[in-house]
$ cat start.txt   # compact mmCIF, C-alpha atoms
# COMPACT_ATOMS: atom_id res chain seq x y z
CA MET A 1 15.55 -21.03 -5.48
CA GLN A 2 12.41 -22.44 -7.08
CA ASP A 3 11.53 -20.87 -10.43
CA LYS A 4 7.83 -21.32 -11.20
CA LEU A 5 7.79 -19.03 -14.25
CA GLN A 6 5.64 -20.41 -17.06
CA SER A 7 7.67 -20.01 -20.25
CA ALA A 8 4.59 -19.93 -22.52
CA ARG A 9 0.92 -19.33 -21.81
CA TYR A 10 -2.18 -17.35 -22.72
CA GLU A 11 -3.12 -14.26 -20.73
CA PHE A 12 -6.61 -12.78 -21.14
CA LYS A 13 -7.28 -9.39 -19.53
CA TYR A 14 -10.51 -7.80 -18.33
CA ILE A 15 -11.36 -4.60 -16.43
CA VAL A 16 -13.89 -5.20 -13.64
CA THR A 17 -15.37 -3.20 -10.79
CA GLU A 18 -14.43 -3.82 -7.16
CA LYS A 19 -17.84 -5.41 -6.60
CA GLN A 20 -17.34 -7.72 -9.57
CA ALA A 21 -13.82 -8.55 -8.38
CA ARG A 22 -15.16 -9.76 -5.03
CA GLN A 23 -17.84 -11.84 -6.74
CA ILE A 24 -15.37 -13.27 -9.25
CA LEU A 25 -12.94 -14.16 -6.46
CA ALA A 26 -15.66 -16.15 -4.68
CA PHE A 27 -16.20 -18.05 -7.95
CA VAL A 28 -12.46 -18.59 -8.52
CA LEU A 29 -11.92 -20.00 -5.03
CA GLU A 30 -14.05 -22.98 -6.02
CA TYR A 31 -11.20 -24.00 -8.35
CA LEU A 32 -8.00 -22.28 -7.21
CA GLU A 33 -6.28 -21.29 -3.99
CA PRO A 34 -4.15 -18.29 -2.99
CA ASP A 35 -0.56 -18.44 -4.17
CA ARG A 36 2.17 -18.38 -1.53
CA PHE A 37 2.46 -14.58 -1.65
CA THR A 38 -1.30 -13.93 -1.44
CA GLU A 39 -2.06 -16.44 1.32
CA GLY A 40 -3.18 -14.49 4.36
CA ARG A 41 -3.36 -11.29 2.31
CA GLU A 42 -6.58 -11.91 0.39
CA GLY A 43 -8.19 -8.61 -0.53
CA ILE A 44 -4.85 -6.84 -0.13
CA GLY A 45 -2.29 -8.65 -2.22
CA TYR A 46 1.45 -8.10 -2.50
CA PRO A 47 3.54 -5.45 -4.29
CA VAL A 48 4.99 -6.09 -7.74
CA HIS A 49 7.59 -3.60 -9.00
CA SER A 50 9.14 -3.44 -12.47
CA LEU A 51 11.63 -1.18 -14.19
CA TYR A 52 11.02 -1.22 -17.94
CA LEU A 53 13.75 -0.56 -20.49
CA ASP A 54 13.07 0.95 -23.89
CA GLY A 55 14.78 2.64 -26.81
CA SER A 56 14.93 6.38 -27.36
CA GLY A 57 11.75 6.26 -29.43
CA PHE A 58 9.96 4.03 -26.91
CA GLN A 59 9.79 1.30 -29.55
CA THR A 60 8.42 -1.44 -27.31
CA CYS A 61 5.58 0.80 -26.13
CA VAL A 62 4.77 1.89 -29.69
CA ALA A 63 4.61 -1.78 -30.73
CA VAL A 64 1.91 -2.38 -28.09
CA ILE A 65 -0.07 0.68 -29.14
CA HIS A 66 0.02 -0.38 -32.78
CA GLY A 67 -1.05 -3.90 -31.85
CA ALA A 68 2.02 -5.60 -33.32
CA LYS A 69 1.43 -9.35 -33.28
CA ASN A 70 5.09 -10.10 -32.58
CA ARG A 71 6.61 -7.85 -29.94
CA PHE A 72 8.65 -7.87 -26.75
CA LYS A 73 9.26 -5.92 -23.55
CA LEU A 74 12.35 -5.75 -21.36
CA ARG A 75 11.94 -5.33 -17.64
CA LEU A 76 13.56 -5.80 -14.27
CA ARG A 77 11.05 -7.29 -11.84
CA PHE A 78 11.52 -7.15 -8.08
CA TYR A 79 9.39 -7.26 -4.95
CA ASP A 80 11.30 -5.18 -2.41
CA ASP A 81 14.47 -3.13 -2.03
CA VAL A 82 16.68 -5.96 -0.79
CA GLY A 83 15.87 -9.18 -2.65
CA PRO A 84 16.95 -10.50 -6.04
CA VAL A 85 16.10 -8.80 -9.32
CA PHE A 86 14.69 -10.75 -12.26
CA PHE A 87 15.77 -9.63 -15.72
CA GLU A 88 12.81 -10.60 -17.88
CA ILE A 89 11.89 -10.72 -21.54
CA LYS A 90 8.17 -10.83 -22.21
CA ARG A 91 7.36 -11.68 -25.82
CA ARG A 92 3.97 -11.84 -27.48
CA VAL A 93 3.54 -13.96 -30.60
CA ASN A 94 -0.06 -13.69 -31.78
CA LEU A 95 -2.05 -14.71 -28.66
CA VAL A 96 0.73 -16.55 -26.85
CA ILE A 97 2.93 -14.95 -24.18
CA PHE A 98 6.50 -16.24 -23.89
CA LYS A 99 8.69 -15.32 -20.91
CA GLN A 100 12.34 -15.72 -20.02
CA ARG A 101 13.98 -14.48 -16.86
CA ALA A 102 17.28 -14.55 -15.08
CA ALA A 103 17.69 -14.06 -11.34
CA VAL A 104 20.43 -11.46 -10.95
CA ARG A 105 22.30 -10.25 -7.89
CA ARG A 106 21.13 -6.81 -6.87
CA ASP A 107 24.68 -5.47 -6.72
CA ALA A 108 25.10 -6.34 -10.42
CA VAL A 109 22.07 -4.40 -11.67
CA SER A 110 23.85 -1.07 -12.27
CA GLU A 111 26.54 -2.68 -14.45
CA LEU A 112 23.98 -4.44 -16.64
CA LEU A 113 21.88 -1.29 -16.98
CA ALA A 114 25.02 0.54 -18.07
CA GLY A 115 25.50 -1.95 -20.93
CA ALA A 116 27.75 -4.65 -19.48
CA PRO A 117 27.77 -7.89 -21.52
CA PRO A 118 26.12 -10.98 -20.02
CA ASP A 119 28.26 -12.91 -17.57
CA ARG A 120 27.48 -15.81 -15.27
CA LYS A 121 29.03 -13.91 -12.38
CA TYR A 122 25.97 -11.66 -12.29
CA LEU A 123 23.57 -14.54 -11.68
CA LEU A 124 22.30 -15.82 -8.36
CA GLU A 125 22.77 -19.30 -9.82
CA PRO A 126 25.91 -19.00 -12.00
CA ASP A 127 25.68 -22.62 -13.14
CA SER A 128 22.13 -22.28 -14.46
CA THR A 129 22.11 -22.63 -18.25
CA LYS A 130 18.48 -21.47 -18.37
CA HIS A 131 19.16 -18.27 -16.46
CA PHE A 132 22.33 -17.47 -18.40
CA LYS A 133 20.47 -17.96 -21.71
CA ALA A 134 17.78 -15.56 -20.48
CA LEU A 135 20.37 -12.96 -19.46
CA TYR A 136 22.23 -13.38 -22.76
CA ASP A 137 19.02 -12.87 -24.76
CA PHE A 138 18.03 -9.91 -22.58
CA CYS A 139 21.35 -8.17 -23.20
CA GLU A 140 21.16 -8.91 -26.92
CA LEU A 141 17.74 -7.23 -27.18
CA ARG A 142 18.90 -4.41 -24.91
CA ASP A 143 21.78 -3.68 -27.25
CA ALA A 144 19.67 -4.08 -30.40
CA ILE A 145 17.45 -1.12 -29.48
CA ASP A 146 19.95 0.64 -27.19
CA ALA A 147 17.45 0.22 -24.35
CA ARG A 148 17.72 2.33 -21.21
CA PRO A 149 15.49 2.61 -18.11
CA ALA A 150 12.22 4.22 -19.21
CA ALA A 151 9.72 3.95 -16.33
CA TYR A 152 8.78 2.04 -13.22
CA THR A 153 5.47 0.29 -12.75
CA SER A 154 4.18 -0.81 -9.37
CA TYR A 155 0.89 -2.36 -8.30
CA MET A 156 -0.70 -4.64 -5.74
CA ARG A 157 -1.51 -8.15 -6.96
CA GLU A 158 -3.65 -10.99 -5.67
CA GLY A 159 -2.76 -14.32 -7.28
CA TYR A 160 -4.64 -17.64 -7.28
CA GLU A 161 -3.54 -20.93 -8.83
CA ARG A 162 -4.10 -24.66 -8.84
CA GLN A 163 -2.68 -26.59 -5.94
CA GLY A 164 0.80 -27.78 -6.79
CA ASP A 165 1.28 -25.81 -10.03
CA ASN A 166 0.52 -22.51 -11.72
CA ALA A 167 -0.44 -23.77 -15.16
CA VAL A 168 -3.83 -22.17 -14.50
CA ARG A 169 -3.74 -18.84 -12.70
CA VAL A 170 -5.97 -15.84 -11.96
CA THR A 171 -4.69 -12.45 -10.81
CA PHE A 172 -6.28 -9.20 -9.66
CA ASP A 173 -4.16 -6.02 -9.99
CA ARG A 174 -4.87 -2.70 -8.26
CA GLU A 175 -3.23 0.57 -7.23
CA LEU A 176 -1.06 1.20 -10.28
CA ARG A 177 1.79 3.66 -9.77
CA ALA A 178 4.30 5.11 -12.21
CA GLY A 179 7.80 6.23 -11.28
CA LYS A 180 10.81 7.80 -12.96
CA PHE A 181 14.20 6.09 -12.73
CA ASP A 182 16.71 8.28 -10.88
CA GLY A 183 19.77 6.11 -11.33
CA GLU A 184 19.17 3.63 -8.51
CA LEU A 185 16.85 0.64 -8.41
CA SER A 186 14.55 1.54 -5.53
CA VAL A 187 10.93 2.08 -4.57
CA ALA A 188 11.74 4.12 -1.47
CA ASP A 189 9.76 7.08 -2.82
CA LEU A 190 6.82 4.98 -4.05
CA GLU A 191 4.22 7.11 -2.25
CA GLU A 192 5.28 10.10 -4.37
CA TRP A 193 4.82 8.34 -7.71
CA ASP A 194 2.04 9.14 -10.18
CA LYS A 195 -1.19 7.16 -10.10
CA PRO A 196 -2.32 6.46 -13.70
CA PRO A 197 -6.06 5.69 -13.89
CA MET A 198 -6.95 2.02 -14.19
CA GLY A 199 -10.70 2.23 -14.66
CA GLY A 200 -11.23 -0.61 -12.22
CA VAL A 201 -9.45 -3.82 -11.24
CA VAL A 202 -7.34 -5.58 -13.88
CA LEU A 203 -8.37 -9.24 -13.96
CA GLU A 204 -6.15 -11.70 -15.82
CA LEU A 205 -7.03 -15.29 -16.67
CA LYS A 206 -3.86 -17.25 -17.44
CA PHE A 207 -3.54 -20.79 -18.74
CA THR A 208 -0.96 -22.86 -20.59
CA ASP A 209 -3.13 -25.10 -22.73
CA ARG A 210 -6.88 -25.16 -23.34
CA PHE A 211 -9.12 -22.42 -21.93
CA PRO A 212 -10.62 -24.19 -18.89
CA ASP A 213 -14.37 -24.78 -19.03
CA TRP A 214 -14.89 -23.08 -15.67
CA MET A 215 -13.10 -19.95 -16.93
CA LEU A 216 -15.46 -19.86 -19.90
CA THR A 217 -18.39 -20.15 -17.49
CA LEU A 218 -16.91 -17.31 -15.41
CA VAL A 219 -16.58 -15.03 -18.46
CA GLN A 220 -20.12 -15.77 -19.59
CA HIS A 221 -21.69 -15.49 -16.14
CA PHE A 222 -20.13 -12.09 -15.42
CA ASP A 223 -20.51 -10.89 -19.03
CA LEU A 224 -16.81 -10.02 -19.30
CA THR A 225 -15.21 -8.50 -22.39
CA ARG A 226 -11.54 -8.99 -23.13
CA THR A 227 -9.51 -5.81 -23.36
CA GLY A 228 -5.96 -4.57 -23.49
CA PHE A 229 -4.32 -2.90 -20.54
CA ALA A 230 -0.61 -2.23 -20.92
CA LYS A 231 0.65 -1.11 -17.52
CA TYR A 232 4.00 -0.07 -18.92
CA CYS A 233 2.45 2.14 -21.60
CA LYS A 234 0.19 3.75 -19.01
CA CYS A 235 3.18 4.46 -16.80
CA VAL A 236 5.62 5.66 -19.46
CA ASN A 237 2.91 8.07 -20.65
CA SER A 238 2.43 9.33 -17.14
CA VAL A 239 6.16 9.75 -16.44
CA HIS A 240 7.20 11.27 -19.77
CA GLY A 241 3.96 12.94 -20.91
CA LEU A 242 4.20 11.32 -24.33
CA GLY A 243 0.54 11.59 -25.24
CA PHE A 244 0.39 8.06 -26.63
CA HIS A 245 -3.06 6.54 -26.98
CA ASN A 246 -2.97 3.64 -24.53
CA PRO A 247 -4.50 0.26 -25.36

$ encode --input "start.txt" --output "structure tokens"
Amino acid sequence: MQDKLQSARYEFKYIVTEKQARQILAFVLEYLEPDRFTEGREGIGYPVHSLYLDGSGFQTCVAVIHGAKNRFKLRLRFYDDVGPVFFEIKRRVNLVIFKQRAAVRRDAVSELLAGAPPDRKYLLEPDSTKHFKALYDFCELRDAIDARPAAYTSYMREGYERQGDNAVRVTFDRELRAGKFDGELSVADLEEWDKPPMGGVVLELKFTDRFPDWMLTLVQHFDLTRTGFAKYCKCVNSVHGLGFHNP
């Protein structure tokens, strides 16, 4: 199983209209090509589902709202109801995003959500030191804030990257949905989930080193303004009616 996750990179977000998104995509295609999930599905994209964990006071969401420079989120990311589940830690340290993830067997998810300690037997690749370290760190943070399933997020994503690597990547996210966890990891009732407003298409420019010159040209040409858009906070608000002011 090939793991293309970038462990550290910058992620700049913008909200654009559908018309702008089409124009920006035409610009992006001069430099990038569809990723393996988007190929053949341009303009449609592929589904991305996540189950976020949080403490009783929704600490990780509050950290986003308050703009904490050093913060983290815990999530289970998956793409359908049958494939593997990725236990992920997404940390933000100033402007840099750090990610760890462990590919976990689907039949092990319920035990880990219930508080089971990390064990190699849960992994799709039990011998992977990298994946076991990610699972160990995930469980440590889970226990530190007594995290439990808080809300699902789901959206359609188009992804574009450089040929041969994803050190430079552009994504377009649409159709955000928010769901409540009912004890089983599933998106079978996705059509019944809430639809938090997005205000447009969420465009993300992602890069691991220097901001590419052509991305700077793109931002200037389309007069884009960086903004925050925390999908999890939008969804946890929608599911629990918390009344948080979303970034």

$ closest_atom_pairs --input "start.txt" --of "stretch 166-237 of chain A" --to "stretch 63-87 of chain A" --cutoff "10 Å" --atoms "only C-alpha atoms" --output "CSV"
residue,atom,partner,partner_atom,distance
A:Leu185,CA,A:Asp81,CA,7.8
A:Ser186,CA,A:Asp81,CA,5.8
A:Val187,CA,A:Asp81,CA,6.8
A:Ala188,CA,A:Asp81,CA,7.8
A:Gly228,CA,A:Val64,CA,9.4
A:Phe229,CA,A:Val64,CA,9.8
A:Ala230,CA,A:Val64,CA,7.6
A:Tyr232,CA,A:Lys73,CA,9.1
A:Cys233,CA,A:Val64,CA,7.9

$ closest_residue --input "start.txt" --among "A:Leu141, A:Gly241, A:Phe172, A:Ala134" --to "A:Gln20" --atoms "all atoms listed in the file"
A:Phe172

$ atom_distance --input "start.txt" --atom1 "atom CA of A:Glu191" --atom2 "atom CA of A:Glu88"
25.1 Å

$ closest_residue --input "start.txt" --among "A:Val236, A:Glu158, A:His221, A:Ala150" --to "A:Glu39" --atoms "all atoms listed in the file"
A:Glu158

$ closest_residue --input "start.txt" --among "A:Thr60, A:Thr227, A:Thr129, A:Asn237" --to "A:Arg148" --atoms "only C-alpha atoms"
A:Thr60

$ closest_residue --input "start.txt" --among "A:Ala21, A:Met198, A:Ile145, A:Leu123" --to "A:Lys234" --atoms "only C-alpha atoms"
A:Met198

$ atom_distance --input "start.txt" --atom1 "atom CA of A:Arg157" --atom2 "atom CA of A:Thr171"
6.6 Å

$ atom_distance --input "start.txt" --atom1 "atom CA of A:Val16" --atom2 "atom CA of A:Phe222"
9.5 Å

$ build_atoms --input "start.txt" --residues "stretch 36-50 of chain A" --atoms "N, CA and C atoms" --output "PDB file, in the coordinates of the input"
ATOM      1  N   ARG A  36       1.450 -18.480  -2.803  1.00  0.00           N
ATOM      2  CA  ARG A  36       2.170 -18.380  -1.530  1.00  0.00           C
ATOM      3  C   ARG A  36       2.393 -16.944  -1.085  1.00  0.00           C
ATOM      4  N   PHE A  37       2.298 -15.988  -2.016  1.00  0.00           N
ATOM      5  CA  PHE A  37       2.460 -14.580  -1.650  1.00  0.00           C
ATOM      6  C   PHE A  37       1.143 -13.949  -1.218  1.00  0.00           C
ATOM      7  N   THR A  38       0.029 -14.478  -1.745  1.00  0.00           N
ATOM      8  CA  THR A  38      -1.300 -13.930  -1.440  1.00  0.00           C
ATOM      9  C   THR A  38      -1.883 -14.529  -0.171  1.00  0.00           C
ATOM     10  N   GLU A  39      -1.497 -15.752   0.169  1.00  0.00           N
ATOM     11  CA  GLU A  39      -2.060 -16.440   1.320  1.00  0.00           C
ATOM     12  C   GLU A  39      -1.960 -15.576   2.577  1.00  0.00           C
ATOM     13  N   GLY A  40      -3.115 -15.343   3.181  1.00  0.00           N
ATOM     14  CA  GLY A  40      -3.180 -14.490   4.360  1.00  0.00           C
ATOM     15  C   GLY A  40      -3.311 -13.018   4.035  1.00  0.00           C
ATOM     16  N   ARG A  41      -3.244 -12.690   2.733  1.00  0.00           N
ATOM     17  CA  ARG A  41      -3.360 -11.290   2.310  1.00  0.00           C
ATOM     18  C   ARG A  41      -4.458 -11.114   1.261  1.00  0.00           C
ATOM     19  N   GLU A  42      -5.462 -12.013   1.312  1.00  0.00           N
ATOM     20  CA  GLU A  42      -6.580 -11.910   0.390  1.00  0.00           C
ATOM     21  C   GLU A  42      -7.264 -10.556   0.560  1.00  0.00           C
ATOM     22  N   GLY A  43      -7.579  -9.925  -0.563  1.00  0.00           N
ATOM     23  CA  GLY A  43      -8.190  -8.610  -0.530  1.00  0.00           C
ATOM     24  C   GLY A  43      -7.184  -7.480  -0.454  1.00  0.00           C
ATOM     25  N   ILE A  44      -5.926  -7.834  -0.213  1.00  0.00           N
ATOM     26  CA  ILE A  44      -4.850  -6.840  -0.130  1.00  0.00           C
ATOM     27  C   ILE A  44      -3.815  -7.080  -1.220  1.00  0.00           C
ATOM     28  N   GLY A  45      -3.277  -8.299  -1.224  1.00  0.00           N
ATOM     29  CA  GLY A  45      -2.290  -8.650  -2.220  1.00  0.00           C
ATOM     30  C   GLY A  45      -0.882  -8.289  -1.796  1.00  0.00           C
ATOM     31  N   TYR A  46       0.032  -8.369  -2.744  1.00  0.00           N
ATOM     32  CA  TYR A  46       1.450  -8.100  -2.500  1.00  0.00           C
ATOM     33  C   TYR A  46       1.978  -7.175  -3.585  1.00  0.00           C
ATOM     34  N   PRO A  47       3.032  -6.405  -3.296  1.00  0.00           N
ATOM     35  CA  PRO A  47       3.540  -5.450  -4.290  1.00  0.00           C
ATOM     36  C   PRO A  47       4.368  -6.119  -5.370  1.00  0.00           C
ATOM     37  N   VAL A  48       4.199  -5.646  -6.592  1.00  0.00           N
ATOM     38  CA  VAL A  48       4.990  -6.090  -7.740  1.00  0.00           C
ATOM     39  C   VAL A  48       5.587  -4.841  -8.383  1.00  0.00           C
ATOM     40  N   HIS A  49       6.909  -4.761  -8.428  1.00  0.00           N
ATOM     41  CA  HIS A  49       7.590  -3.600  -9.000  1.00  0.00           C
ATOM     42  C   HIS A  49       8.356  -4.029 -10.246  1.00  0.00           C
ATOM     43  N   SER A  50       8.368  -3.163 -11.250  1.00  0.00           N
ATOM     44  CA  SER A  50       9.140  -3.440 -12.470  1.00  0.00           C
ATOM     45  C   SER A  50       9.770  -2.143 -12.974  1.00  0.00           C
TER      46      SER A  50
END
